[in-house]
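Text of data-v1.csv, listed as CSV, C-alpha atoms:
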```csv
chain,number,residue,atom,x,y,z
A,25,MET,CA,73.6,83.6,83.9
A,26,VAL,CA,76.4,85.1,86.0
A,27,LYS,CA,79.5,82.8,86.1
A,28,HIS,CA,82.4,85.1,86.9
A,29,HIS,CA,82.4,86.5,90.5
A,30,PRO,CA,84.7,88.6,92.8
A,31,ASP,CA,86.7,86.5,95.1
A,32,THR,CA,86.1,86.4,98.9
A,33,ARG,CA,88.7,89.1,99.6
A,34,PHE,CA,86.9,91.5,97.3
A,35,LEU,CA,83.6,90.8,99.0
A,36,THR,CA,85.1,90.9,102.5
A,37,ASP,CA,86.6,94.4,101.9
A,38,TYR,CA,83.3,95.5,100.3
A,39,ALA,CA,81.3,94.3,103.3
A,40,ALA,CA,83.8,96.1,105.6
A,41,GLY,CA,83.5,99.3,103.7
A,42,SER,CA,87.3,99.3,103.0
A,43,LEU,CA,87.3,98.7,99.3
A,44,PRO,CA,88.4,101.7,97.1
A,45,GLU,CA,85.5,103.6,95.6
A,46,ALA,CA,85.9,102.6,92.0
A,47,GLN,CA,86.3,98.9,92.9
A,48,ALA,CA,83.4,99.1,95.3
A,49,LEU,CA,81.3,100.5,92.4
A,50,CYS,CA,82.2,97.4,90.3
A,51,VAL,CA,81.4,95.0,93.2
A,52,ALA,CA,78.0,96.8,93.8
A,53,SER,CA,77.2,96.5,90.1
A,54,HIS,CA,78.0,92.8,90.1
A,55,LEU,CA,75.8,92.3,93.3
A,56,HIS,CA,72.9,93.9,91.4
A,57,TYR,CA,72.8,90.8,89.2
A,58,CYS,CA,74.3,88.1,91.4
A,59,ALA,CA,72.1,86.6,94.2
A,60,ALA,CA,74.8,84.2,95.4
A,61,CYS,CA,77.3,87.0,96.0
A,62,ARG,CA,74.7,89.1,97.7
A,63,VAL,CA,74.1,86.2,100.1
A,64,THR,CA,77.8,85.9,100.8
A,65,THR,CA,78.1,89.6,101.3
A,66,ARG,CA,75.3,89.6,103.8
A,67,GLU,CA,76.9,86.7,105.7
A,68,LEU,CA,80.2,88.6,105.8
A,69,THR,CA,78.5,91.7,107.1
A,70,MET,CA,76.7,89.7,109.8
A,71,LEU,CA,79.9,88.0,110.8
A,72,GLY,CA,81.8,91.3,110.9
A,73,SER,CA,79.1,92.7,113.2
A,74,GLU,CA,79.3,89.7,115.4
A,75,MET,CA,83.1,89.8,115.7
A,76,PHE,CA,83.0,93.5,116.4
A,77,LEU,CA,80.5,93.0,119.3
A,78,GLN,CA,81.7,89.8,120.8
A,79,LEU,CA,85.4,89.1,120.0
A,80,ALA,CA,88.6,90.6,121.3
A,81,PRO,CA,90.8,92.2,118.6
A,82,VAL,CA,93.0,89.8,116.7
A,83,GLU,CA,96.0,90.4,114.5
A,84,GLY,CA,95.5,90.5,110.8
A,85,GLY,CA,97.4,88.7,108.1
A,86,ASP,CA,96.7,85.5,106.3
A,87,ALA,CA,96.1,83.6,109.5
A,88,GLY,CA,93.4,86.1,110.5
A,89,PHE,CA,91.8,85.9,107.1
A,90,GLU,CA,91.8,82.1,107.2
A,91,ARG,CA,90.0,82.2,110.6
A,92,LEU,CA,87.5,84.7,109.0
A,93,LEU,CA,86.8,82.2,106.2
A,94,ALA,CA,86.4,79.4,108.7
A,95,ARG,CA,83.7,81.4,110.6
A,96,VAL,CA,81.9,82.1,107.3
A,97,ASP,CA,81.8,78.4,106.6
A,98,SER,CA,80.3,77.8,110.0
A,99,LEU,CA,77.3,80.1,109.5
A,100,PRO,CA,73.9,78.5,108.8
A,101,ALA,CA,73.2,77.8,105.2
A,102,THR,CA,71.3,80.6,103.4
A,103,THR,CA,69.3,80.1,100.3
A,104,ALA,CA,69.5,82.4,97.3
A,105,SER,CA,66.3,81.3,95.6
A,106,SER,CA,64.2,84.3,96.4
A,107,ASP,CA,67.1,86.6,95.4
A,108,ALA,CA,67.4,84.8,92.1
A,109,GLU,CA,63.8,85.7,91.4
A,110,ALA,CA,64.5,89.3,92.3
A,111,ASP,CA,67.6,89.2,90.0
A,112,ALA,CA,65.4,88.3,87.0
A,113,GLN,CA,63.0,91.2,87.8
A,114,ASP,CA,65.9,93.6,88.2
A,115,ILE,CA,67.5,92.7,84.9
A,116,GLN,CA,64.1,92.9,83.1
A,117,GLN,CA,63.3,96.3,84.7
A,118,SER,CA,66.6,98.0,84.3
A,119,THR,CA,69.8,97.5,82.4
A,120,LEU,CA,71.7,99.6,84.9
A,121,PRO,CA,72.6,98.6,88.5
A,122,LYS,CA,71.4,101.0,91.2
A,123,ALA,CA,75.0,102.1,91.9
A,124,LEU,CA,75.2,103.5,88.3
A,125,HIS,CA,71.8,105.2,88.3
A,126,LYS,CA,73.1,108.1,90.4
A,127,ILE,CA,76.1,108.6,88.1
A,128,THR,CA,74.1,108.4,84.9
A,129,ARG,CA,70.8,109.8,86.1
A,130,GLY,CA,69.2,106.6,84.9
A,131,ASN,CA,70.5,106.7,81.3
A,132,PRO,CA,74.1,106.4,80.0
A,133,ASP,CA,73.3,108.8,77.2
A,134,ASN,CA,73.3,111.5,79.8
A,135,LEU,CA,77.0,111.2,80.1
A,136,GLN,CA,79.7,112.7,77.8
A,137,TRP,CA,81.1,110.1,75.4
A,138,ARG,CA,84.3,110.0,73.4
A,139,ARG,CA,84.7,107.8,70.3
A,140,LEU,CA,87.7,105.6,69.3
A,141,GLY,CA,86.8,104.7,65.8
A,142,ARG,CA,83.2,104.1,64.6
A,143,ASN,CA,82.4,101.1,66.7
A,144,PHE,CA,83.7,102.0,70.2
A,145,ARG,CA,83.0,104.8,72.6
A,146,TYR,CA,83.8,105.4,76.2
A,147,SER,CA,82.8,107.8,79.0
A,148,ASN,CA,85.1,108.6,81.9
A,149,LEU,CA,83.7,108.4,85.4
A,150,PRO,CA,85.7,110.7,87.7
A,151,ILE,CA,85.4,108.5,90.8
A,152,ASP,CA,88.9,107.7,92.1
A,153,PRO,CA,92.0,109.8,91.3
A,154,ASP,CA,94.2,106.7,91.5
A,155,ARG,CA,92.2,104.7,88.9
A,156,VAL,CA,90.7,105.2,85.5
A,157,THR,CA,87.1,104.3,85.5
A,158,ASN,CA,84.9,104.2,82.3
A,159,LEU,CA,81.7,103.0,80.8
A,160,LEU,CA,82.6,101.2,77.6
A,161,HIS,CA,80.2,100.8,74.7
A,162,ILE,CA,81.0,98.4,71.8
A,163,LYS,CA,78.7,97.9,68.8
A,164,ALA,CA,77.3,94.5,68.2
A,165,GLY,CA,79.8,92.2,66.4
A,166,CYS,CA,82.6,94.7,66.7
A,167,SER,CA,85.7,94.6,68.9
A,168,LEU,CA,88.2,96.6,70.9
A,169,PRO,CA,91.7,96.8,69.6
A,170,HIS,CA,94.1,94.0,70.8
A,171,HIS,CA,95.8,95.4,73.9
A,172,ARG,CA,98.0,94.5,76.9
A,173,HIS,CA,97.4,95.3,80.5
A,174,ASN,CA,100.1,97.1,82.5
A,175,GLY,CA,98.2,96.8,85.8
A,176,ASP,CA,95.0,95.3,87.1
A,177,GLU,CA,91.6,95.9,85.5
A,178,ILE,CA,88.1,95.0,86.7
A,179,THR,CA,85.3,94.8,84.2
A,180,VAL,CA,81.6,94.2,84.8
A,181,VAL,CA,79.2,93.5,81.9
A,182,ILE,CA,76.2,95.7,82.2
A,183,LYS,CA,74.4,95.0,78.9
A,184,GLY,CA,74.9,92.4,76.1
A,185,SER,CA,78.0,90.2,76.2
A,186,PHE,CA,81.6,89.9,74.8
A,187,SER,CA,84.1,87.2,74.3
A,188,ASP,CA,87.9,86.8,74.0
A,189,HIS,CA,90.3,83.9,73.7
A,190,ASP,CA,89.5,82.8,77.3
A,191,ASP,CA,85.7,82.8,77.5
A,192,LYS,CA,82.4,84.5,76.9
A,193,TYR,CA,81.2,87.1,79.4
A,194,ASN,CA,77.5,87.9,80.0
A,195,VAL,CA,75.5,90.5,82.0
A,196,GLY,CA,76.8,90.6,85.6
A,197,ASP,CA,80.1,88.9,85.1
A,198,PHE,CA,83.0,90.3,87.1
A,199,ILE,CA,86.2,89.9,85.2
A,200,VAL,CA,89.7,90.6,86.6
A,201,ARG,CA,92.7,91.1,84.4
A,202,THR,CA,96.3,91.5,85.7
A,203,SER,CA,99.5,93.0,84.5
A,204,GLY,CA,100.9,91.3,81.3
A,205,GLU,CA,97.6,89.8,80.1
A,206,GLN,CA,96.6,90.5,76.5
A,207,HIS,CA,93.2,90.1,74.8
A,208,ARG,CA,90.8,91.4,72.2
A,209,PRO,CA,87.2,91.7,73.4
A,210,VAL,CA,84.6,91.1,70.8
A,211,ALA,CA,80.9,92.1,71.4
A,212,SER,CA,78.3,89.5,70.5
A,213,GLN,CA,76.6,89.7,67.1
A,214,ASP,CA,73.1,90.2,68.4
A,215,GLU,CA,73.4,93.2,70.8
A,216,ASP,CA,75.7,96.1,71.7
A,217,CYS,CA,77.8,95.6,74.7
A,218,LEU,CA,78.0,98.0,77.7
A,219,CYS,CA,80.7,97.5,80.4
A,220,LEU,CA,81.9,99.2,83.5
A,221,SER,CA,85.7,99.1,83.8
A,222,THR,CA,88.3,100.4,86.2
A,223,LEU,CA,92.1,100.0,85.9
A,224,ASP,CA,95.1,101.3,87.9
A,225,SER,CA,97.4,101.6,84.9
A,226,PRO,CA,96.7,102.5,81.2
A,227,ILE,CA,96.4,99.7,78.7
A,228,VAL,CA,98.9,99.4,75.9
A,229,MET,CA,97.6,99.0,72.3
A,230,THR,CA,99.6,96.3,70.4
A,231,ASN,CA,98.7,97.8,67.0
A,232,TRP,CA,100.9,100.8,66.0
A,233,PHE,CA,97.9,102.8,64.6
A,234,TYR,CA,96.0,102.5,67.8
A,235,ARG,CA,99.1,103.3,69.9
A,236,ILE,CA,99.4,106.6,68.0
A,237,LEU,CA,95.7,107.3,68.3
A,238,GLN,CA,95.8,106.5,72.1
A,239,SER,CA,98.7,109.0,72.6
A,240,ILE,CA,96.7,111.7,70.8
A,241,LEU,CA,93.6,111.1,73.0
```
Take the structure in the file and write it out as structure tokens.
Amino acid sequence: MVKHHPDTRFLTDYAAGSLPEAQALCVASHLHYCAACRVTTRELTMLGSEMFLQLAPVEGGDAGFERLLARVDSLPATTASSDAEADAQDIQQSTLPKALHKITRGNPDNLQWRRLGRNFRYSNLPIDPDRVTNLLHIKAGCSLPHHRHNGDEITVVIKGSFSDHDDKYNVGDFIVRTSGEQHRPVASQDEDCLCLSTLDSPIVMTNWFYRILQSIL
């Protein structure tokens, strides 16, 4: 069950079409699995259309954003029950969100992969020149090296699950890491883990061996 979601600002920018492409890919991948966020995104899209057609322009900033949230809260309640059923079918029918189907041609094995050790591989997705975007594959029960973030990173779990010192993350979870955070993701024992990740600054390995290997790669 999805329990980590993009915040309202992510969904608002996505609905408005103003989110950078790599981040939009992550949000779209999350929406493939999350009925609740799809409902919120539809409401934001409807609200944006209404404001565009009926309201005079207003200045932006925090005050404008707070007014936007107030209008979202005033919209009629929408149920996500039918979407939840569709989610279950989507996850059963495909491990890949529709947004990734075009990139992978329906199968991640169609991509070019590079290995970092025996248990981890990654494939670079040349989407946004200002961000590094990858599909990451970790073998069941194995881990990524302990590392530190120098910028922000968004990760969406596509298959399997992983955990770190904070929590366990399952299919569809949308995880945001910020500069200074450190962790060591470990894939679950029962299934390989596949994630979509985008970051605006390279990570720093805390182990000297992996720092040397990272500089070579």
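One finds atom CA of Glu205 of chain A at 17.7 Å from atom CA of Val156 of chain A.
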* Taking the point (85.4, 94.4, 107.0) as given in the file, collect each protein or nucleic acid residue that comes within 10 Å of it, counting all atoms listed in the file, and present the set as a VMD selection string. => chain A and resid 33 35 to 43 68 to 69 71 to 73 76
Those same residues - C-alpha atoms - I'd like them written as an mmCIF file, keeping the file's coordinate frame.
```
data_model
loop_
_atom_site.group_PDB
_atom_site.id
_atom_site.type_symbol
_atom_site.label_atom_id
_atom_site.label_comp_id
_atom_site.auth_asym_id
_atom_site.auth_seq_id
_atom_site.Cartn_x
_atom_site.Cartn_y
_atom_site.Cartn_z
ATOM 1 C CA ARG A 33 88.700 89.100 99.600
ATOM 2 C CA LEU A 35 83.600 90.800 99.000
ATOM 3 C CA THR A 36 85.100 90.900 102.500
ATOM 4 C CA ASP A 37 86.600 94.400 101.900
ATOM 5 C CA TYR A 38 83.300 95.500 100.300
ATOM 6 C CA ALA A 39 81.300 94.300 103.300
ATOM 7 C CA ALA A 40 83.800 96.100 105.600
ATOM 8 C CA GLY A 41 83.500 99.300 103.700
ATOM 9 C CA SER A 42 87.300 99.300 103.000
ATOM 10 C CA LEU A 43 87.300 98.700 99.300
ATOM 11 C CA LEU A 68 80.200 88.600 105.800
ATOM 12 C CA THR A 69 78.500 91.700 107.100
ATOM 13 C CA LEU A 71 79.900 88.000 110.800
ATOM 14 C CA GLY A 72 81.800 91.300 110.900
ATOM 15 C CA SER A 73 79.100 92.700 113.200
ATOM 16 C CA PHE A 76 83.000 93.500 116.400
#
```
* What's the 8 Å shell around Gln213 of chain A, counting only C-alpha atoms, without same-chain residues fewer than 5 positions away, as a PyMOL selection string? -> chain A and resi 164-166
Please produce an output containing C-alpha atoms for each residue in the selection, written as an mmCIF file, in the coordinates of the input.
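Ended up saving to selection-v6.cif:
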```
data_model
loop_
_atom_site.group_PDB
_atom_site.id
_atom_site.type_symbol
_atom_site.label_atom_id
_atom_site.label_comp_id
_atom_site.auth_asym_id
_atom_site.auth_seq_id
_atom_site.Cartn_x
_atom_site.Cartn_y
_atom_site.Cartn_z
ATOM 1 C CA ALA A 164 77.300 94.500 68.200
ATOM 2 C CA GLY A 165 79.800 92.200 66.400
ATOM 3 C CA CYS A 166 82.600 94.700 66.700
#
```
May I have a table of the residues of segment 114-188 of chain A lying at most 9 Å from segment 221-227 of chain A, giving each one's closest pair of atoms and their distance in Å to one decimal, counting all atoms listed in the file, ordered by chain and ascending residue number, as a tab-separated table?
```
residue	atom	partner	partner_atom	distance
A:Asp154	CA	A:Asp224	CA	6.6
A:Arg155	CA	A:Asp224	CA	4.6
A:Val156	CA	A:Leu223	CA	5.4
A:Thr157	CA	A:Thr222	CA	4.1
A:Asn158	CA	A:Ser221	CA	5.4
A:Leu159	CA	A:Ser221	CA	6.3
A:Leu160	CA	A:Ser221	CA	7.2
A:His171	CA	A:Ile227	CA	6.5
A:Arg172	CA	A:Ile227	CA	5.7
A:His173	CA	A:Ile227	CA	4.9
A:Asn174	CA	A:Ser225	CA	5.8
A:Gly175	CA	A:Ser225	CA	4.9
A:Asp176	CA	A:Leu223	CA	5.7
A:Glu177	CA	A:Leu223	CA	4.1
A:Ile178	CA	A:Thr222	CA	5.4
A:Thr179	CA	A:Ser221	CA	4.3
A:Val180	CA	A:Ser221	CA	6.5
A:Val181	CA	A:Ser221	CA	8.8
```
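When all atoms listed in the file are used to measure the gap to Lys163 of chain A, the shortest distance among A:Arg201, A:Arg142, A:His28, A:Lys126 belongs to A:Arg142.
Checking A:Ala123, A:Ala211, A:Leu149, A:Ala60 one by one against Met25 of chain A, counting only C-alpha atoms, you find the shortest gap at A:Ala60.
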* Structure fact -> Across A:Ile162, A:Val51, A:Cys217, A:Ile199, the smallest distance to Leu140 of chain A, with all atoms listed in the file counted, is shown by A:Ile162
* Around (81.5, 93.4, 81.2) in the file's frame, which residues reach within 7 Å when counting all atoms listed in the file? Return as number ranges by chain? -> A: 179-182, 185, 193-195, 197-198, 218-220
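Nearest to Thr64 of chain A of all the residues A:Leu49, A:Arg129, A:Tyr146, A:Phe34 is A:Phe34, based on all atoms listed in the file.
We find atom CA of Ala48 of chain A and atom CA of Leu120 of chain A to be spaced 15.7 Å apart.
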* To do: Give me, please, the distance in Å between atom CA of His56 of chain A and atom CA of Pro121 of chain A, quoted to one decimal.
  => 5.5 Å
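Considering the residues A:Thr32, A:Ser167, A:Asn134, A:Asn148 and counting only C-alpha atoms, Arg208 of chain A has its shortest atom-to-atom contact with A:Ser167.
Residue nearest His29 of chain A, chosen from A:Val200, A:Ala46, A:Asn143, A:His161 and counting all atoms listed in the file: A:Val200.
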